[in-house]
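Beneath this line is the structure, given in structure tokens, with notes to follow.
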Amino acid sequence: MNSKWKRPIATLLMAVGVLGAVAGFAGTARAAIDQTKKCTVAVTPVSTTEDSVLADAKNADVVVDLYKVADVAQDGSGKFEVSAVEAYRDIIPSDMTVLQESDWSSIAQQAADIALGSTQAKTVLSADGTAQGNIDTGLYLLLAHGRDLSDYEYTHKVIRQSGDDDDAKNITTISTIVQSDKNTYVYAPQLVVLPSTSNSTDARMNTADNNWIYGDAGNPIRIVLKPDIVPHEGVLQITKTLARYARSQGNSISVFHITGTNNDTGEKYDKYVAMEFTQARTQTISVDDIPEGMTVTIEEVYSGACYSVVGSKARTVEIPEDGTASVSFSNDYNGSKNCGGGIINHFEYTEGTSGTGTWQWTPESASATPGTAADKAGN
């Protein structure tokens with residue numbers, strides 16, 4: 001199994017930070033919760049219906065740790081109450097019916113930080129879609145991960161500052177990961193109430209329903225996890241040979257267009273890369289952000305007015321697992337006297353405070369000088 005992690009975790013957390021937390025409550029309760037009953041659930045590791053992704057996630061042996069963070073009670077008068085377990089009393093209010101979705105997400109993050117640093121007992125469920133029962137009623141924290149990984153192996157924490165410099169606060173965002181043969185699955189902490197008012201925890205809790213669902217082996221409560229799915233990335237090397245160089249005509253720039261489609265997810269890949277030549281030689285560039293298993297086409301779309309491609313302008317190759325795909329191109333001087341030159345630029349944005357930022361221009365061409373530019377709009 002792969003253990004790759006190539007995308008910045010903070011970027012991923014922006015995508016998954018609000019997933020998983022239950023949507024909240026609606027209505028005034030009428031039915032009482034029977035705390036003597038046991039609940040039965042079935043956990044699905046991904047929300048997609050794409051067969052290949054679902055099979056990949058199931059093969060990754062995802063499990064969910066259930067931490068009970070509160071007892072839940074509701075009597076016939078319609079009052080729904082939450083009584084937090086001692087370790088969570090500072091973060092869980094007794095009346096959760098007034099919370100918004102963002103509140104649930106924040107509480108889930110704080111609860112995860114507490115649970116992961118504790119020796120609290122937990123219930124481990126397989127995220128394979130099978131019914132699993134004998135679970136007490138309550139409010140639970142769900143943390144998904146690979147079955148054989150320890151806390152420090154599957155947990156990622158990112159600490160970022162929020163607010164102006166004078167009032168900045170550190171905000172910790174926790175995610176858990178699962179590695180499969182094809183993908184990395186990034187999960188946000190999730191809160192669920194058992195029993196439920198619906199057959200699926202995707203639905204909004206509605207305590208006005210005159211019924212609580214506890215689930216059974218034939219019809220369990222469905223818990224659908226919603227990770228961010230990141231394909232494992234491979235390496236493409238593009239090698240180009242310039243047979244003859246027209247020194248009097250200036251530098252030579254070649255541009256390659258890389259395109260492909262992920263057969264599992266349908267995600268498109270589209271990128272341009274370039275090389276600069278100042279003499280006749282062979283050189284190579286590497287592209288390391290292409291999903292493994294993707295078939296890509298590399299086309300030399302620009303070689304300069306003075307140079308022509310020898311042979312085909314396009315190559316097609318599959319990016320291997322844990323390996324490198326290679327393609328080669330060759331150009332030669334065509335005798336033209338109207339060549340011109342070019343500059344390859346690289347821009348990197350650094351975020352500042354109060355929505356400002358700075359672009360750093362780093363030319364990859366030898367003939368240019370780097371510089372910076374302020375961006376007051378922050379984009």
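Scheme for the structure tokens: letters A, B, ... for chains in order shown; per-chain residue numbers from 1; ligand numbers from 1 in order shown.
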Non-local contacts of Asp151 (chain A) (12 Å; only C-alpha atoms; under 3 positions in same chain excluded) as a PyMOL selection string: chain A and resi 65+112-113+115-119+143-148+154-157+174-178
Write the residues of the preceding selection, restricted to N, CA, C and O atoms, as a JSON list (two decimals), in the first residue's frame.
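selection_27.json was written with the following content:
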```
[["chain", "number", "residue", "atom", "x", "y", "z"],
["A", 65, "ASP", "N", -13.58, 5.14, 14.59],
["A", 65, "ASP", "CA", -13.57, 5.12, 16.04],
["A", 65, "ASP", "C", -14.74, 5.96, 16.55],
["A", 65, "ASP", "O", -14.87, 7.14, 16.19],
["A", 112, "ALA", "N", -12.38, 16.19, 18.74],
["A", 112, "ALA", "CA", -11.31, 15.33, 18.20],
["A", 112, "ALA", "C", -9.99, 15.61, 18.90],
["A", 112, "ALA", "O", -9.22, 14.70, 19.21],
["A", 113, "ASP", "N", -9.71, 16.88, 19.17],
["A", 113, "ASP", "CA", -8.47, 17.25, 19.83],
["A", 113, "ASP", "C", -8.42, 16.64, 21.24],
["A", 113, "ASP", "O", -7.36, 16.21, 21.71],
["A", 115, "ALA", "N", -10.27, 13.87, 22.28],
["A", 115, "ALA", "CA", -10.31, 12.41, 22.21],
["A", 115, "ALA", "C", -8.95, 11.82, 21.84],
["A", 115, "ALA", "O", -8.53, 10.81, 22.41],
["A", 116, "LEU", "N", -8.27, 12.45, 20.89],
["A", 116, "LEU", "CA", -7.00, 11.90, 20.43],
["A", 116, "LEU", "C", -5.91, 12.00, 21.47],
["A", 116, "LEU", "O", -4.90, 11.31, 21.39],
["A", 117, "GLY", "N", -6.09, 12.86, 22.45],
["A", 117, "GLY", "CA", -5.08, 12.97, 23.50],
["A", 117, "GLY", "C", -5.49, 12.28, 24.78],
["A", 117, "GLY", "O", -4.90, 12.52, 25.83],
["A", 118, "SER", "N", -6.49, 11.40, 24.71],
["A", 118, "SER", "CA", -7.02, 10.77, 25.91],
["A", 118, "SER", "C", -6.89, 9.25, 25.84],
["A", 118, "SER", "O", -6.48, 8.68, 24.82],
["A", 119, "THR", "N", -7.27, 8.63, 26.92],
["A", 119, "THR", "CA", -7.33, 7.16, 26.98],
["A", 119, "THR", "C", -8.78, 6.70, 27.02],
["A", 119, "THR", "O", -9.07, 5.58, 27.46],
["A", 143, "LEU", "N", -14.18, 9.29, 14.10],
["A", 143, "LEU", "CA", -12.87, 9.53, 13.48],
["A", 143, "LEU", "C", -12.54, 8.33, 12.60],
["A", 143, "LEU", "O", -12.40, 7.21, 13.09],
["A", 144, "ALA", "N", -12.42, 8.58, 11.30],
["A", 144, "ALA", "CA", -12.12, 7.51, 10.35],
["A", 144, "ALA", "C", -10.61, 7.41, 10.13],
["A", 144, "ALA", "O", -9.91, 8.42, 10.11],
["A", 145, "HIS", "N", -10.12, 6.19, 9.91],
["A", 145, "HIS", "CA", -8.69, 6.00, 9.64],
["A", 145, "HIS", "C", -8.47, 4.58, 9.13],
["A", 145, "HIS", "O", -9.38, 3.75, 9.08],
["A", 146, "GLY", "N", -7.24, 4.29, 8.73],
["A", 146, "GLY", "CA", -6.88, 2.94, 8.34],
["A", 146, "GLY", "C", -6.80, 2.04, 9.56],
["A", 146, "GLY", "O", -6.31, 2.46, 10.61],
["A", 147, "ARG", "N", -7.24, 0.82, 9.44],
["A", 147, "ARG", "CA", -7.39, -0.06, 10.60],
["A", 147, "ARG", "C", -6.08, -0.27, 11.37],
["A", 147, "ARG", "O", -6.06, -0.29, 12.60],
["A", 148, "ASP", "N", -4.98, -0.44, 10.68],
["A", 148, "ASP", "CA", -3.74, -0.83, 11.35],
["A", 148, "ASP", "C", -2.83, 0.35, 11.68],
["A", 148, "ASP", "O", -1.66, 0.16, 12.01],
["A", 154, "TYR", "N", -2.11, 8.46, 11.49],
["A", 154, "TYR", "CA", -3.25, 8.85, 10.66],
["A", 154, "TYR", "C", -3.80, 10.24, 10.96],
["A", 154, "TYR", "O", -4.72, 10.71, 10.30],
["A", 155, "THR", "N", -3.25, 10.92, 11.95],
["A", 155, "THR", "CA", -3.78, 12.23, 12.33],
["A", 155, "THR", "C", -2.88, 13.35, 11.83],
["A", 155, "THR", "O", -1.66, 13.28, 11.95],
["A", 156, "HIS", "N", -3.51, 14.38, 11.26],
["A", 156, "HIS", "CA", -2.78, 15.56, 10.83],
["A", 156, "HIS", "C", -3.42, 16.79, 11.48],
["A", 156, "HIS", "O", -4.63, 16.95, 11.47],
["A", 157, "LYS", "N", -2.57, 17.65, 12.05],
["A", 157, "LYS", "CA", -3.04, 18.88, 12.64],
["A", 157, "LYS", "C", -2.40, 20.06, 11.91],
["A", 157, "LYS", "O", -1.20, 20.05, 11.64],
["A", 174, "ILE", "N", -8.05, 19.53, 12.53],
["A", 174, "ILE", "CA", -7.64, 18.13, 12.56],
["A", 174, "ILE", "C", -8.28, 17.38, 11.41],
["A", 174, "ILE", "O", -9.45, 17.57, 11.09],
["A", 175, "SER", "N", -7.51, 16.53, 10.79],
["A", 175, "SER", "CA", -8.05, 15.60, 9.81],
["A", 175, "SER", "C", -7.40, 14.24, 10.03],
["A", 175, "SER", "O", -6.32, 14.14, 10.61],
["A", 176, "THR", "N", -8.06, 13.21, 9.58],
["A", 176, "THR", "CA", -7.50, 11.86, 9.63],
["A", 176, "THR", "C", -7.44, 11.32, 8.22],
["A", 176, "THR", "O", -8.26, 11.68, 7.36],
["A", 177, "ILE", "N", -6.47, 10.46, 7.95],
["A", 177, "ILE", "CA", -6.27, 10.01, 6.57],
["A", 177, "ILE", "C", -6.28, 8.49, 6.47],
["A", 177, "ILE", "O", -6.02, 7.77, 7.43],
["A", 178, "VAL", "N", -6.60, 8.06, 5.27],
["A", 178, "VAL", "CA", -6.54, 6.64, 4.91],
["A", 178, "VAL", "C", -5.81, 6.55, 3.58],
["A", 178, "VAL", "O", -6.14, 7.28, 2.63]]
```
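Within region 128-286 of chain A, DSSP run on the backbone puts these residues in helix (DSSP H, G or I): Asp151, Tyr152, Glu153, Tyr154, Arg247, Ser248 and Gln249 of chain A.
Checking A:Gly335, A:Pro93, A:Pro291, A:Gly138 one by one against Ile229 (chain A), counting only C-alpha atoms, you find the shortest gap at A:Pro291.
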Contact table region 47-161 of chain A vs region 261-285 of chain A, cut-off 10 Å, shortest pair per residue, only C-alpha atoms, as a tab-separated table:
```
residue	atom	partner	partner_atom	distance
A:Thr48	CA	A:Thr265	CA	9.6
A:Glu50	CA	A:Thr265	CA	7.4
A:Asp51	CA	A:Asp264	CA	8.4
A:Ser52	CA	A:Asp264	CA	5.9
A:Val53	CA	A:Asp264	CA	6.5
A:Leu54	CA	A:Asp264	CA	10.0
A:Asp56	CA	A:Asp264	CA	9.8
```
Backbone DSSP call of strand (DSSP E or B) for region 215-361 of chain A, listed as an MDAnalysis selection string: chainID A and resid 221:224 228:231 233:242 252:261 268:277 282:291 295:302 307:309 314:318 324:333 345:351 357:361
Go ahead and save the residues from that selection, with C-alpha atoms, as a compact mmCIF listing (two decimals), in the first residue's frame.
```txt
# COMPACT_ATOMS: atom_id res chain seq x y z
CA ILE A 221 -28.87 3.82 10.28
CA ARG A 222 -26.65 4.80 7.36
CA ILE A 223 -23.55 6.86 8.14
CA VAL A 224 -21.96 8.11 4.93
CA ASP A 228 -11.65 14.63 0.18
CA ILE A 229 -10.21 12.15 -2.33
CA VAL A 230 -6.68 12.84 -3.51
CA PRO A 231 -5.24 10.54 -6.20
CA GLU A 233 0.63 11.26 -7.88
CA GLY A 234 3.34 9.98 -10.18
CA VAL A 235 6.20 11.51 -12.12
CA LEU A 236 6.47 12.38 -15.80
CA GLN A 237 9.87 13.19 -17.28
CA ILE A 238 10.07 15.07 -20.56
CA THR A 239 13.44 14.91 -22.28
CA LYS A 240 14.26 17.09 -25.26
CA THR A 241 17.30 17.17 -27.50
CA LEU A 242 18.14 20.30 -29.51
CA SER A 252 15.05 28.95 -27.70
CA ILE A 253 11.84 28.23 -25.75
CA SER A 254 9.85 25.01 -26.15
CA VAL A 255 6.36 24.66 -24.65
CA PHE A 256 4.67 21.33 -23.89
CA HIS A 257 0.95 20.82 -23.26
CA ILE A 258 0.07 17.89 -20.95
CA THR A 259 -3.54 16.66 -20.90
CA GLY A 260 -5.26 13.61 -19.45
CA THR A 261 -8.36 12.24 -17.72
CA LYS A 268 -9.17 16.39 -15.97
CA TYR A 269 -5.47 17.20 -15.99
CA ASP A 270 -4.29 20.18 -18.07
CA LYS A 271 -0.90 21.83 -17.72
CA TYR A 272 1.74 23.67 -19.73
CA VAL A 273 5.47 23.35 -19.03
CA ALA A 274 8.43 24.88 -20.83
CA MET A 275 12.15 24.49 -21.42
CA GLU A 276 14.76 27.07 -22.33
CA PHE A 277 17.82 26.29 -24.48
CA THR A 282 19.75 17.38 -24.16
CA GLN A 283 17.83 18.34 -21.01
CA THR A 284 14.95 16.99 -18.92
CA ILE A 285 12.16 18.44 -16.80
CA SER A 286 9.99 16.53 -14.31
CA VAL A 287 6.28 16.99 -13.59
CA ASP A 288 5.30 15.34 -10.29
CA ASP A 289 1.60 16.17 -9.79
CA ILE A 290 -0.11 13.78 -12.23
CA PRO A 291 -2.40 11.07 -10.74
CA THR A 295 -2.95 8.25 -19.41
CA VAL A 296 -1.62 11.60 -20.57
CA THR A 297 -0.77 13.13 -23.92
CA ILE A 298 2.24 15.40 -24.14
CA GLU A 299 2.33 17.67 -27.17
CA GLU A 300 5.05 20.14 -28.07
CA VAL A 301 2.86 23.10 -29.01
CA TYR A 302 5.63 25.67 -29.49
CA TYR A 307 13.31 25.24 -34.80
CA SER A 308 11.21 22.33 -35.99
CA VAL A 309 10.15 19.15 -34.25
CA ALA A 314 2.84 14.30 -29.45
CA ARG A 315 3.47 11.35 -27.17
CA THR A 316 1.02 9.34 -25.03
CA VAL A 317 2.05 7.52 -21.88
CA GLU A 318 0.50 6.10 -18.68
CA THR A 324 8.32 7.46 -13.56
CA ALA A 325 6.99 7.74 -17.10
CA SER A 326 9.37 9.18 -19.70
CA VAL A 327 8.92 10.72 -23.13
CA SER A 328 11.47 12.22 -25.52
CA PHE A 329 11.36 14.91 -28.17
CA SER A 330 13.92 16.22 -30.66
CA ASN A 331 14.22 19.60 -32.38
CA ASP A 332 16.60 20.97 -34.98
CA TYR A 333 17.44 24.37 -36.44
CA ASN A 345 8.26 32.87 -15.50
CA HIS A 346 7.23 31.31 -12.17
CA PHE A 347 4.82 33.18 -9.89
CA GLU A 348 4.22 32.34 -6.21
CA TYR A 349 1.67 34.10 -4.00
CA THR A 350 2.32 34.76 -0.31
CA GLU A 351 -0.74 35.68 1.75
CA GLY A 357 -0.52 39.58 -0.28
CA THR A 358 2.59 39.60 -2.42
CA TRP A 359 3.40 37.90 -5.71
CA GLN A 360 7.01 36.75 -6.05
CA TRP A 361 8.17 36.56 -9.65
```
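In this comparison, which uses only C-alpha atoms, the residue of A:Gln110, A:Thr137, A:Thr184, A:Thr97 approaching Ile213 (chain A) most closely is A:Thr137.
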Test item: residues at most 8 Å from Val72 (chain A), only C-alpha atoms, excluding those fewer than 6 positions along its chain, as a PyMOL selection string: chain A and resi 33+80-83+137-139+193
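Distance-wise, CA of Gln100 (chain A) and CA of Pro195 (chain A) end up 20.1 Å apart.
The closest residue to Gln179 (chain A), picked from A:Val98, A:Cys306, A:Val46, A:Val62 and counting only C-alpha atoms, is A:Val62.
Closest approach to Asp136 (chain A) from the set A:Ala217, A:Val41, A:Val158, A:Ala305 is made by A:Val41, with distances taken over only C-alpha atoms.
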Atomic distance CA of Glu86 (chain A) - CA of Leu149 (chain A), expressed in Å with one decimal: 27.5 Å
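For the atom pair formed by CA of Pro320 (chain A) and CA of Gly293 (chain A), the distance is 5.7 Å, given to one decimal.
If you measure from each of A:Asn183, A:Gln109, A:Asn211, A:Ser336 to Ser196 (chain A) using only C-alpha atoms, the closest one turns out to be A:Asn211.
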